[in-house]
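Participant: Handing you a structure now.
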Amino acid sequence: MRMGKAMLAAGRGLVLSVLTLVVSVALFTVTVVSLSLIPIGVGLFTTPALLRVVRRYADYRRRLTGRWGGLTVPSPYRPLPADPPSGLKGQPKLCFLLLNDPATWRDLLWLLVDQLAGGLLAAVPPGLILQGLFGSVLAAGVWKPIVDADGTYWYEFLPIDSQSDANLAAGLGAVFIAIGLFFGPAILNANFRMSRALLAPTPKMVLAARVERLTETRHNAVDTSAAELRRIERDLHDGAQARLVAMGMSLGAIEALIEKDPAKAKQMVAAARTNSAEALAELRDLVRGIHPPVLAERGLGDAVKALALRMQLRVEVGVELPGRFPEPVESAAYFAVSEILTNAAKHSGADQAWLDVSYEAGALRITVTDDGQGGADLSAGSGLRGIERRLGAFDGILAVRSPIGGPTMVTMEIP
């Protein structure tokens, strides 16, 4: 088992050393040349494309560090505008946007360090093993033609001019192989730790991203609250308020007719009673849309179970919650589930959905899966974006997996 890991580390070190010598050196060189051409204008048009390639390569190495080294390396880049500059005229602006990101300069620093220290750390494990194997090759008789052609051959610090010297070289090679196998994984892990130190966001960058996200989610929360208030006002004005006004006018007419035409007044009383019942139903629906009574009284688990019973499609519900959560969190989660299930019933063509609500590792986790036709896209519709903004106010995240043909899985997490 240990031998297998050592050989695997040597193979990975060989791959990394080749990547370093070929890709890291080439990218660093052409990018520095492009940056030097910015003062004369040429670099303004070549640098954005090169920096995008650098980012893709750095992201690839981040993933490689995660898979091979077991070290998570988050992406540190600032998000570009939703509509980034494009075309020939937009390249200078895009160039300055990329250069103003501190992660760009850390990528360049990593490329420089990677082609020096990183390449050395990656090459040591396979280099020791290959050099050790060459010692055995010399002992097998290869030393003779080499010595005949060039005279005494030096294998490291050993002069080789006889079979006994070649045998000593084989012994020294065995030592090299042992060192490469024993220390190779640790040396390669040093390469991964170095990459993480330079490719991961610094605490300052994490704080800046956190502040930016909080600012964005605050604005979204304010906009959502304003839109909700406008909806409530519109529903009151067009629904219950109109019915109450009509009922008041009917009561005035009834007062005038009650002595002259009791039968007509009786009919109007019945109509006013119907209007009052409809106004009350609309008010109840409006209150339920603001905060369902079952959510306030019994919590999120029972609220989503009641919600599932009202859906047009079959919904299997699984709830494992330790207790109640803060009221704003429960409300945001409830309405997110409500909108996702409603979208599934209306647009997905699904016959059944599965809803799982649980609490794991300090986060409320909700998964909604349906057997519909798929094709849901987080970037295409305003509905999913609205849910994402709603959850963003609580540092929540939304992930959608919906291949064409289905199934669709929507996952939400709220810390």
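Following the order of the structure tokens, chains are lettered A, B, ..., residues in each are numbered from 1, and ligands are numbered from 1.
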Can you list, as a list in words, all residues belonging to stretch 40-71 of chain A that DSSP tags as alpha helix (DSSP H)?
Facilitator: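 Restricting stretch 40-71 of chain A to alpha helix (DSSP H) produces Gly43, Leu44, Phe45, Thr46, Thr47, Pro48, Ala49, Leu50, Leu51, Arg52, Val53, Val54, Arg55, Arg56, Tyr57, Ala58, Asp59, Tyr60, Arg61, Arg62, Arg63, Leu64, Thr65, Gly66, Arg67, Trp68 and Gly69 of chain A.
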Participant: Within 12 Å of A:Asp370, counting only C-alpha atoms, which residues qualify if same-chain residues fewer than 5 places away don't, as a CSV table (one decimal) with C-alpha atoms, in the first residue's frame?
Facilitator:
chain,number,residue,atom,x,y,z
A,313,LEU,CA,-48.3,16.9,-8.2
A,314,ARG,CA,-47.5,14.2,-5.8
A,315,VAL,CA,-44.8,15.2,-3.3
A,316,GLU,CA,-43.0,12.8,-1.0
A,340,ILE,CA,-39.8,25.7,-6.5
A,341,LEU,CA,-42.7,23.2,-6.1
A,342,THR,CA,-45.1,25.6,-7.9
A,343,ASN,CA,-42.6,25.9,-10.8
A,344,ALA,CA,-42.2,22.1,-10.9
A,345,ALA,CA,-46.0,21.7,-11.1
A,346,LYS,CA,-46.4,24.3,-13.8
A,347,HIS,CA,-43.4,24.0,-16.1
A,348,SER,CA,-41.6,20.8,-15.6
A,349,GLY,CA,-44.2,18.3,-16.7
A,350,ALA,CA,-43.4,16.3,-13.6
A,351,ASP,CA,-45.7,13.6,-12.1
A,352,GLN,CA,-43.9,13.4,-8.7
A,353,ALA,CA,-41.5,15.4,-6.6
A,354,TRP,CA,-39.4,14.6,-3.6
A,355,LEU,CA,-38.7,17.1,-0.8
A,356,ASP,CA,-36.0,16.5,1.8
A,375,GLY,CA,-33.8,22.1,-18.6
A,376,ALA,CA,-34.1,24.5,-15.7
A,400,VAL,CA,-29.5,23.6,-9.7
A,401,ARG,CA,-28.8,20.4,-11.6
A,402,SER,CA,-31.3,20.0,-14.5
A,403,PRO,CA,-30.1,18.2,-17.6
A,405,GLY,CA,-34.7,15.1,-20.1
A,406,GLY,CA,-34.5,15.4,-16.3
A,407,PRO,CA,-34.5,14.9,-13.5
A,408,THR,CA,-34.2,18.3,-11.9
A,409,MET,CA,-32.6,18.7,-8.5
A,410,VAL,CA,-32.6,22.0,-6.6
A,411,THR,CA,-30.5,22.2,-3.5
Participant: Near A:Glu388, counting only C-alpha atoms, which residues have an atom at most 7 Å away, once you skip same-chain residues fewer than 3 positions from it, shown as a list in words?
Facilitator: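 Counting only C-alpha atoms, the residues come to Leu384, Arg385, Leu391, Gly392, Ile397 and Leu398 of chain A.
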Participant: Using only C-alpha atoms, determine which residues lie at most 12 Å from A:Pro92, disregarding the query and same-chain residues fewer than 5 positions distant; provide the list as a PyMOL selection string.
Facilitator: chain A and resi 38-39+41-49+84-87+97-99
Participant: Include all heavy atoms and write out the residues we just selected as a tab-separated table (two decimals), in the first residue's frame.
Facilitator:
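In the end it all went to part_15.tsv:
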chain	number	residue	atom	x	y	z
A	38	ILE	N	1.68	47.05	-22.71
A	38	ILE	CA	0.52	47.90	-22.42
A	38	ILE	C	0.80	49.38	-22.65
A	38	ILE	O	-0.04	50.09	-23.21
A	38	ILE	CB	0.03	47.64	-20.97
A	38	ILE	CG1	-0.66	46.28	-20.88
A	38	ILE	CG2	-0.93	48.74	-20.49
A	38	ILE	CD1	-1.15	45.92	-19.50
A	39	PRO	N	1.98	49.91	-22.26
A	39	PRO	CA	2.22	51.34	-22.49
A	39	PRO	C	2.11	51.76	-23.96
A	39	PRO	O	1.77	52.91	-24.24
A	39	PRO	CB	3.65	51.55	-21.96
A	39	PRO	CG	3.82	50.49	-20.93
A	39	PRO	CD	3.07	49.32	-21.45
A	41	GLY	N	0.04	50.30	-26.06
A	41	GLY	CA	-1.32	50.01	-26.50
A	41	GLY	C	-1.57	48.59	-26.94
A	41	GLY	O	-2.70	48.11	-26.88
A	42	VAL	N	-0.54	47.89	-27.41
A	42	VAL	CA	-0.74	46.53	-27.90
A	42	VAL	C	-1.20	45.61	-26.78
A	42	VAL	O	-2.10	44.77	-26.95
A	42	VAL	CB	0.55	46.00	-28.56
A	42	VAL	CG1	0.36	44.56	-29.01
A	42	VAL	CG2	0.95	46.88	-29.73
A	43	GLY	N	-0.59	45.76	-25.60
A	43	GLY	CA	-0.93	44.88	-24.48
A	43	GLY	C	-2.35	45.02	-23.99
A	43	GLY	O	-2.89	44.09	-23.37
A	44	LEU	N	-3.00	46.15	-24.26
A	44	LEU	CA	-4.39	46.33	-23.85
A	44	LEU	C	-5.31	45.33	-24.53
A	44	LEU	O	-6.38	44.98	-24.00
A	44	LEU	CB	-4.86	47.75	-24.16
A	44	LEU	CG	-4.19	48.88	-23.36
A	44	LEU	CD1	-4.65	50.22	-23.88
A	44	LEU	CD2	-4.52	48.74	-21.87
A	45	PHE	N	-4.91	44.86	-25.71
A	45	PHE	CA	-5.75	43.95	-26.47
A	45	PHE	C	-5.30	42.50	-26.34
A	45	PHE	O	-6.12	41.59	-26.52
A	45	PHE	CB	-5.73	44.36	-27.95
A	45	PHE	CG	-6.23	45.75	-28.19
A	45	PHE	CD1	-5.34	46.83	-28.25
A	45	PHE	CD2	-7.57	46.00	-28.32
A	45	PHE	CE1	-5.82	48.11	-28.45
A	45	PHE	CE2	-8.05	47.29	-28.53
A	45	PHE	CZ	-7.16	48.35	-28.60
A	46	THR	N	-4.04	42.25	-26.01
A	46	THR	CA	-3.55	40.88	-25.86
A	46	THR	C	-3.63	40.37	-24.43
A	46	THR	O	-3.81	39.17	-24.20
A	46	THR	CB	-2.08	40.79	-26.33
A	46	THR	OG1	-1.27	41.69	-25.56
A	46	THR	CG2	-1.97	41.16	-27.81
A	47	THR	N	-3.54	41.29	-23.46
A	47	THR	CA	-3.50	40.86	-22.05
A	47	THR	C	-4.79	40.20	-21.57
A	47	THR	O	-4.73	39.18	-20.86
A	47	THR	CB	-3.14	42.05	-21.15
A	47	THR	OG1	-1.86	42.57	-21.54
A	47	THR	CG2	-3.07	41.64	-19.69
A	48	PRO	N	-6.00	40.73	-21.88
A	48	PRO	CA	-7.21	40.07	-21.37
A	48	PRO	C	-7.31	38.60	-21.76
A	48	PRO	O	-7.64	37.75	-20.93
A	48	PRO	CB	-8.34	40.89	-22.00
A	48	PRO	CG	-7.76	42.24	-22.21
A	48	PRO	CD	-6.33	41.98	-22.59
A	49	ALA	N	-7.03	38.28	-23.02
A	49	ALA	CA	-7.11	36.88	-23.45
A	49	ALA	C	-6.09	36.02	-22.71
A	49	ALA	O	-6.40	34.90	-22.27
A	49	ALA	CB	-6.89	36.78	-24.95
A	84	PRO	N	-19.98	41.83	-19.23
A	84	PRO	CA	-18.59	42.31	-19.31
A	84	PRO	C	-18.31	42.98	-20.64
A	84	PRO	O	-18.97	42.67	-21.65
A	84	PRO	CB	-17.77	41.03	-19.14
A	84	PRO	CG	-18.68	39.93	-19.58
A	84	PRO	CD	-20.06	40.37	-19.21
A	85	PRO	N	-17.35	43.90	-20.68
A	85	PRO	CA	-17.00	44.57	-21.94
A	85	PRO	C	-16.57	43.54	-22.98
A	85	PRO	O	-15.87	42.58	-22.67
A	85	PRO	CB	-15.84	45.49	-21.55
A	85	PRO	CG	-15.94	45.65	-20.08
A	85	PRO	CD	-16.54	44.39	-19.55
A	86	SER	N	-17.02	43.75	-24.20
A	86	SER	CA	-16.70	42.81	-25.27
A	86	SER	C	-16.35	43.60	-26.52
A	86	SER	O	-16.53	44.82	-26.59
A	86	SER	CB	-17.87	41.86	-25.54
A	86	SER	OG	-19.02	42.59	-25.90
A	87	GLY	N	-15.88	42.90	-27.52
A	87	GLY	CA	-15.50	43.55	-28.76
A	87	GLY	C	-14.15	44.24	-28.64
A	87	GLY	O	-13.53	44.29	-27.58
A	97	LEU	N	-10.08	45.90	-15.71
A	97	LEU	CA	-10.88	45.17	-14.73
A	97	LEU	C	-10.09	43.96	-14.20
A	97	LEU	O	-10.07	43.70	-12.99
A	97	LEU	CB	-12.18	44.69	-15.36
A	97	LEU	CG	-13.32	45.71	-15.49
A	97	LEU	CD1	-14.49	45.11	-16.25
A	97	LEU	CD2	-13.79	46.17	-14.11
A	98	LEU	N	-9.45	43.24	-15.11
A	98	LEU	CA	-8.69	42.06	-14.69
A	98	LEU	C	-7.44	42.44	-13.90
A	98	LEU	O	-7.09	41.77	-12.92
A	98	LEU	CB	-8.30	41.24	-15.92
A	98	LEU	CG	-9.46	40.60	-16.69
A	98	LEU	CD1	-8.96	39.98	-17.99
A	98	LEU	CD2	-10.15	39.55	-15.84
A	99	LEU	N	-6.78	43.52	-14.31
A	99	LEU	CA	-5.55	43.92	-13.62
A	99	LEU	C	-5.85	44.52	-12.24
A	99	LEU	O	-4.98	44.53	-11.37
A	99	LEU	CB	-4.78	44.93	-14.47
A	99	LEU	CG	-4.16	44.36	-15.75
A	99	LEU	CD1	-3.45	45.46	-16.52
A	99	LEU	CD2	-3.20	43.23	-15.45
Participant: List as a list in words the protein and nucleic acid residues near stretch 327-334 of chain A, meaning an atom at most 7 Å away when only C-alpha atoms are counted, but skip any in the same chain fewer than 5 places from it.
Facilitator: Leu300, Val304, Arg390 and Leu391 of chain A
Participant: Using only C-alpha atoms, determine which residues lie at most 12 Å from A:Arg298, disregarding the query and same-chain residues fewer than 3 positions distant; provide the list as an mmCIF file with N, CA, C and O atoms, in the first residue's frame.
Facilitator:
data_model
loop_
_atom_site.group_PDB
_atom_site.id
_atom_site.type_symbol
_atom_site.label_atom_id
_atom_site.label_comp_id
_atom_site.auth_asym_id
_atom_site.auth_seq_id
_atom_site.Cartn_x
_atom_site.Cartn_y
_atom_site.Cartn_z
ATOM 1 N N PRO A 292 -47.711 32.127 6.606
ATOM 2 C CA PRO A 292 -48.741 31.114 6.848
ATOM 3 C C PRO A 292 -48.900 30.814 8.341
ATOM 4 O O PRO A 292 -47.895 30.684 9.054
ATOM 5 N N PRO A 293 -50.126 30.683 8.810
ATOM 6 C CA PRO A 293 -50.346 30.388 10.241
ATOM 7 C C PRO A 293 -49.667 29.097 10.686
ATOM 8 O O PRO A 293 -49.109 29.031 11.780
ATOM 9 N N VAL A 294 -49.690 28.052 9.823
ATOM 10 C CA VAL A 294 -49.074 26.785 10.220
ATOM 11 C C VAL A 294 -47.566 26.945 10.405
ATOM 12 O O VAL A 294 -46.966 26.271 11.249
ATOM 13 N N LEU A 295 -46.960 27.861 9.644
ATOM 14 C CA LEU A 295 -45.527 28.106 9.802
ATOM 15 C C LEU A 295 -45.247 28.777 11.135
ATOM 16 O O LEU A 295 -44.281 28.445 11.827
ATOM 17 N N GLY A 301 -41.048 22.314 9.374
ATOM 18 C CA GLY A 301 -41.313 20.935 8.974
ATOM 19 C C GLY A 301 -42.771 20.688 8.661
ATOM 20 O O GLY A 301 -43.126 20.193 7.584
ATOM 21 N N ASP A 302 -43.670 21.051 9.589
ATOM 22 C CA ASP A 302 -45.103 20.848 9.364
ATOM 23 C C ASP A 302 -45.632 21.771 8.272
ATOM 24 O O ASP A 302 -46.566 21.413 7.542
ATOM 25 N N ALA A 303 -45.028 22.950 8.135
ATOM 26 C CA ALA A 303 -45.489 23.884 7.103
ATOM 27 C C ALA A 303 -45.232 23.346 5.702
ATOM 28 O O ALA A 303 -46.081 23.429 4.823
ATOM 29 N N VAL A 304 -44.042 22.762 5.466
ATOM 30 C CA VAL A 304 -43.776 22.224 4.129
ATOM 31 C C VAL A 304 -44.584 20.955 3.875
ATOM 32 O O VAL A 304 -44.949 20.668 2.720
ATOM 33 N N LYS A 305 -44.895 20.197 4.929
ATOM 34 C CA LYS A 305 -45.769 19.036 4.745
ATOM 35 C C LYS A 305 -47.174 19.477 4.319
ATOM 36 O O LYS A 305 -47.773 18.882 3.406
ATOM 37 N N ALA A 306 -47.682 20.530 4.966
ATOM 38 C CA ALA A 306 -48.992 21.056 4.573
ATOM 39 C C ALA A 306 -48.946 21.633 3.168
ATOM 40 O O ALA A 306 -49.892 21.497 2.390
ATOM 41 N N GLY A 323 -35.445 21.102 15.585
ATOM 42 C CA GLY A 323 -36.357 22.019 16.275
ATOM 43 C C GLY A 323 -36.683 23.205 15.396
ATOM 44 O O GLY A 323 -36.618 23.140 14.161
ATOM 45 N N ARG A 324 -37.032 24.323 16.025
ATOM 46 C CA ARG A 324 -37.404 25.530 15.305
ATOM 47 C C ARG A 324 -36.168 26.339 14.942
ATOM 48 O O ARG A 324 -35.100 26.224 15.563
ATOM 49 N N PHE A 325 -36.321 27.175 13.918
ATOM 50 C CA PHE A 325 -35.276 28.090 13.481
ATOM 51 C C PHE A 325 -35.791 29.515 13.616
ATOM 52 O O PHE A 325 -36.988 29.735 13.830
ATOM 53 N N GLU A 327 -37.474 32.922 12.888
ATOM 54 C CA GLU A 327 -38.647 33.134 12.029
ATOM 55 C C GLU A 327 -38.296 33.604 10.619
ATOM 56 O O GLU A 327 -38.864 33.093 9.645
ATOM 57 N N GLU A 330 -37.065 30.537 8.611
ATOM 58 C CA GLU A 330 -38.157 29.628 8.275
ATOM 59 C C GLU A 330 -39.026 30.206 7.162
ATOM 60 O O GLU A 330 -39.439 29.494 6.243
#
Participant: Write out as a list of chain:residue names all residues of stretch 358-395 of chain A that backbone DSSP assigns to strand (DSSP E).
Facilitator: A:Ser358, A:Tyr359, A:Glu360, A:Ala363, A:Leu364, A:Arg365, A:Ile366, A:Thr367, A:Val368, A:Thr369, A:Asp370
Participant: With stretch 102-126 of chain A as the partner and 8 Å as the cut-off, tabulate the residues of stretch 41-69 of chain A that qualify, each row holding the nearest pair of atoms and their distance in Å to one decimal, using only C-alpha atoms, sorted by chain and rising number, as a Markdown table.
Facilitator:
| residue | atom | partner | partner_atom | distance |
| --- | --- | --- | --- | --- |
| A:Leu51 | CA | A:Thr104 | CA | 7.5 |
| A:Val54 | CA | A:Asp107 | CA | 7.4 |
| A:Arg55 | CA | A:Asp107 | CA | 7.6 |
| A:Ala58 | CA | A:Asp107 | CA | 7.0 |
Participant: For those residues, write N, CA, C and O atoms to a file as a PDB file, in the first residue's frame.
Facilitator:
ATOM      1  N   LEU A  51      -4.751  36.605 -19.732  1.00  0.00           N
ATOM      2  CA  LEU A  51      -5.120  36.471 -18.321  1.00  0.00           C
ATOM      3  C   LEU A  51      -6.257  35.470 -18.139  1.00  0.00           C
ATOM      4  O   LEU A  51      -6.324  34.772 -17.122  1.00  0.00           O
ATOM      5  N   VAL A  54      -4.562  32.199 -18.186  1.00  0.00           N
ATOM      6  CA  VAL A  54      -3.885  32.005 -16.904  1.00  0.00           C
ATOM      7  C   VAL A  54      -4.882  31.570 -15.840  1.00  0.00           C
ATOM      8  O   VAL A  54      -4.606  30.663 -15.035  1.00  0.00           O
ATOM      9  N   ARG A  55      -6.057  32.182 -15.835  1.00  0.00           N
ATOM     10  CA  ARG A  55      -7.069  31.823 -14.837  1.00  0.00           C
ATOM     11  C   ARG A  55      -7.564  30.398 -15.034  1.00  0.00           C
ATOM     12  O   ARG A  55      -7.761  29.657 -14.057  1.00  0.00           O
ATOM     13  N   ALA A  58      -4.823  28.189 -13.781  1.00  0.00           N
ATOM     14  CA  ALA A  58      -4.762  28.226 -12.316  1.00  0.00           C
ATOM     15  C   ALA A  58      -5.922  27.459 -11.701  1.00  0.00           C
ATOM     16  O   ALA A  58      -5.753  26.743 -10.699  1.00  0.00           O
TER      17      ALA A  58
END
Participant: State, in Å with one decimal place, the distance from atom CA of A:Val18 to atom CA of A:Pro74.
Facilitator: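 Separation of atom CA of A:Val18 and atom CA of A:Pro74: 24.2 Å.
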Participant: Enter the distance from atom CA of A:Pro79 to atom CA of A:Leu207, in Å, rounded to one decimal.
Facilitator: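 Atom CA of A:Pro79 sits 14.6 Å away from atom CA of A:Leu207.
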Participant: Given the choices A:Ser358, A:Thr29, A:Asn189, A:Ser338, which gets closest to A:Leu309 if the distance is worked out from only C-alpha atoms?
Facilitator: A:Ser338
